[in-house]
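Working notes, beginning with the structure itself.
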Amino acid sequence: MTKKILTLCLIHNDTHVLLGLKKRGFGEGRWNGFGGKPVEGETIEQAAMREIKEEISVVPEDLKKRGVINFEFQGNPETLEVHLFSATKFKGEPTEGEEMKPEWYAKDEIPFDKMWPDDRHWFPLFLAGKNFNADFFFKDNDTIISHEIREA
C-alpha cells in the first residue's frame, strides 16, 4: 500500500464557505476546497498556502490545521492522506484559474450533491469548528463502503 500526501483547505466566514469547481483532473466537475500535493522540501502548511495561491490567487492569513482524512478506494493500492486546513482571513480576491472556479456558498446551501460523497459526513463537524480525523473506504468515486470520524 502506497500513500499520497495531499492538502485541502476550506476558506470560510460566519455565514459562507468558499468552494471551487474542479475544472480538470481528479475530481473534475465537483465542488471542493483548495489544495494539492506538496513539492520536495515543502512542509504540509507551505504546500497548502502555495496551492491556494496557485488555484485562486489568494493568500490565507490564518491557516489552521483541522485534521487528517484518509481515503482508500477498493482495488487501488494507493491511500490518500489529506491534511485538512481552514482559513477565515486572506489577502487578495478569489479568482478563477486554469484548475478551479471559486464561488461562495451560504453554509445552509452547500451543494453536497455536486461534491465528494464523504463531504456531507465531515462538513458539519468542520463548520462547527471541531478538529477531527477520519477514514473513508470507497467502492468507486461515488460509493462509500465504510467510514469512521473521530473528534481530535
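A note on labels: chains of the C-alpha cells are A, B, ... as shown, every chain counts residues from 1, and ligands are counted from 1 in their shown order.
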For A:Lys23, please output as a PyMOL selection string all residues within 8 Å (counting only C-alpha atoms; exclusion window: fewer than 2 positions along the same chain). chain A and resi 21+25+28-29+98-101
Name the residues in contact with A:Ile52 at a cut-off of 6 Å, using only C-alpha atoms, excluding same-chain residues fewer than 4 positions from it; report them as a list in words.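 Contacts, with the query itself left out: Phe34, Gly35 and Ile56 of chain A.
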How many Å separate atom CA of A:Pro77 from atom CA of A:Phe136?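 These atoms are spaced 14.4 Å apart.
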Long-range neighbours of A:Leu8 as a JSON list (two decimals) with N, CA, C and O atoms, in the first residue's frame, 8 Å cut-off, only C-alpha atoms, 4 positions minimum in chain:
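Once everything was written out, this is selection11.json:
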```
[["chain", "number", "residue", "atom", "x", "y", "z"],
["A", 33, "GLY", "N", -12.77, 22.04, -1.68],
["A", 33, "GLY", "CA", -11.87, 23.05, -1.16],
["A", 33, "GLY", "C", -10.66, 23.13, -2.09],
["A", 33, "GLY", "O", -10.67, 22.61, -3.21],
["A", 34, "PHE", "N", -9.60, 23.76, -1.60],
["A", 34, "PHE", "CA", -8.42, 24.04, -2.42],
["A", 34, "PHE", "C", -7.20, 23.32, -1.84],
["A", 34, "PHE", "O", -7.05, 23.22, -0.64],
["A", 35, "GLY", "N", -6.34, 22.82, -2.71],
["A", 35, "GLY", "CA", -5.15, 22.15, -2.22],
["A", 35, "GLY", "C", -4.52, 21.27, -3.27],
["A", 35, "GLY", "O", -4.87, 21.34, -4.44],
["A", 36, "GLY", "N", -3.59, 20.44, -2.82],
["A", 36, "GLY", "CA", -2.90, 19.56, -3.74],
["A", 36, "GLY", "C", -1.71, 18.90, -3.08],
["A", 36, "GLY", "O", -1.67, 18.75, -1.87],
["A", 48, "ALA", "N", -0.08, 23.80, 1.36],
["A", 48, "ALA", "CA", -1.45, 24.31, 1.37],
["A", 48, "ALA", "C", -1.49, 25.77, 0.92],
["A", 48, "ALA", "O", -2.31, 26.15, 0.08],
["A", 82, "VAL", "N", -5.07, 13.13, 3.41],
["A", 82, "VAL", "CA", -5.40, 14.52, 3.13],
["A", 82, "VAL", "C", -5.36, 15.33, 4.43],
["A", 82, "VAL", "O", -6.13, 15.07, 5.36],
["A", 83, "HIS", "N", -4.46, 16.31, 4.48],
["A", 83, "HIS", "CA", -4.33, 17.19, 5.64],
["A", 83, "HIS", "C", -5.29, 18.36, 5.44],
["A", 83, "HIS", "O", -5.14, 19.13, 4.48],
["A", 84, "LEU", "N", -6.25, 18.46, 6.35],
["A", 84, "LEU", "CA", -7.33, 19.44, 6.22],
["A", 84, "LEU", "C", -7.00, 20.71, 7.00],
["A", 84, "LEU", "O", -6.62, 20.64, 8.18],
["A", 85, "PHE", "N", -7.18, 21.85, 6.34],
["A", 85, "PHE", "CA", -6.94, 23.16, 6.95],
["A", 85, "PHE", "C", -8.16, 24.05, 6.78],
["A", 85, "PHE", "O", -9.00, 23.83, 5.89]]
```
Quick one: pull the distance between atom CA of A:Ile144 and atom CA of A:Lys22, Å, one decimal. 20.6 Å
Just give me the gap between atom CA of A:Lys91 and atom CA of A:Asn32 in Å, one decimal is fine.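 So the answer is 20.2 Å.
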Apply DSSP to the structure's backbone, then extract all residues of stretch 11-97 of chain A labelled alpha helix (DSSP H) and return them as a PyMOL selection string. chain A and resi 44-56
May I have all residues of chain A that DSSP, computed from the backbone, assigns to strand (DSSP E or B), given as a ChimeraX atom specification? /A:2-12,16-22,31-32,34,59-60,64-73,78-87,90-91,100-106,115,132-140,143-151
Nearby residues (only C-alpha atoms) at most 12 Å from A:Lys107, same-chain spacing under 3 positions excluded, as a short mmCIF file (atom, residue, chain, number, x, y, z; two decimals) with N, CA, C and O atoms, in the first residue's frame:
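New file selection37.cif:
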```cif
data_model
loop_
_atom_site.label_atom_id
_atom_site.label_comp_id
_atom_site.auth_asym_id
_atom_site.auth_seq_id
_atom_site.Cartn_x
_atom_site.Cartn_y
_atom_site.Cartn_z
N ILE A 11 -11.85 27.78 2.94
CA ILE A 11 -11.91 29.18 3.37
C ILE A 11 -13.36 29.47 3.70
O ILE A 11 -14.26 29.14 2.93
N HIS A 12 -13.59 30.07 4.86
CA HIS A 12 -14.97 30.31 5.28
C HIS A 12 -15.05 31.52 6.20
O HIS A 12 -14.05 32.01 6.72
N ASN A 13 -16.28 32.01 6.39
CA ASN A 13 -16.55 33.03 7.39
C ASN A 13 -17.75 32.54 8.20
O ASN A 13 -18.11 31.37 8.14
N ASP A 14 -18.41 33.44 8.94
CA ASP A 14 -19.51 33.01 9.81
C ASP A 14 -20.69 32.45 9.03
O ASP A 14 -21.44 31.62 9.53
N THR A 15 -20.89 32.90 7.80
CA THR A 15 -22.10 32.52 7.06
C THR A 15 -21.86 31.78 5.76
O THR A 15 -22.77 31.14 5.24
N HIS A 16 -20.64 31.84 5.21
CA HIS A 16 -20.38 31.28 3.88
C HIS A 16 -19.09 30.46 3.84
O HIS A 16 -18.19 30.66 4.65
N VAL A 17 -19.02 29.57 2.84
CA VAL A 17 -17.83 28.76 2.56
C VAL A 17 -17.45 29.00 1.11
O VAL A 17 -18.31 29.04 0.22
N LEU A 18 -16.15 29.18 0.86
CA LEU A 18 -15.65 29.34 -0.50
C LEU A 18 -15.28 27.96 -1.04
O LEU A 18 -14.43 27.27 -0.47
N LEU A 19 -15.96 27.55 -2.10
CA LEU A 19 -15.66 26.28 -2.74
C LEU A 19 -15.17 26.54 -4.16
O LEU A 19 -15.43 27.60 -4.73
N TRP A 104 -18.66 31.49 -3.55
CA TRP A 104 -19.11 31.46 -2.17
C TRP A 104 -20.47 30.79 -2.07
O TRP A 104 -21.35 31.05 -2.88
N ILE A 110 -24.85 24.48 0.91
CA ILE A 110 -23.68 23.79 0.36
C ILE A 110 -24.15 22.71 -0.63
O ILE A 110 -25.03 21.92 -0.29
N PRO A 111 -23.59 22.68 -1.83
CA PRO A 111 -24.07 21.77 -2.89
C PRO A 111 -23.53 20.34 -2.75
O PRO A 111 -22.80 19.84 -3.60
N PHE A 112 -23.92 19.66 -1.65
CA PHE A 112 -23.39 18.32 -1.37
C PHE A 112 -23.61 17.35 -2.52
O PHE A 112 -22.80 16.46 -2.74
N PHE A 123 -18.33 17.64 6.90
CA PHE A 123 -18.53 19.09 6.82
C PHE A 123 -19.21 19.68 8.06
O PHE A 123 -18.80 20.74 8.53
N PRO A 124 -20.26 19.03 8.60
CA PRO A 124 -20.91 19.61 9.79
C PRO A 124 -19.93 19.78 10.97
O PRO A 124 -19.98 20.80 11.66
N PHE A 126 -16.66 20.17 10.67
CA PHE A 126 -15.77 21.25 10.25
C PHE A 126 -16.41 22.61 10.51
O PHE A 126 -15.81 23.50 11.11
N LEU A 127 -17.65 22.77 10.06
CA LEU A 127 -18.34 24.06 10.21
C LEU A 127 -18.64 24.40 11.66
O LEU A 127 -18.77 25.57 12.01
N ALA A 128 -18.71 23.37 12.51
CA ALA A 128 -18.94 23.59 13.94
C ALA A 128 -17.64 23.94 14.67
O ALA A 128 -17.63 24.14 15.88
#
```
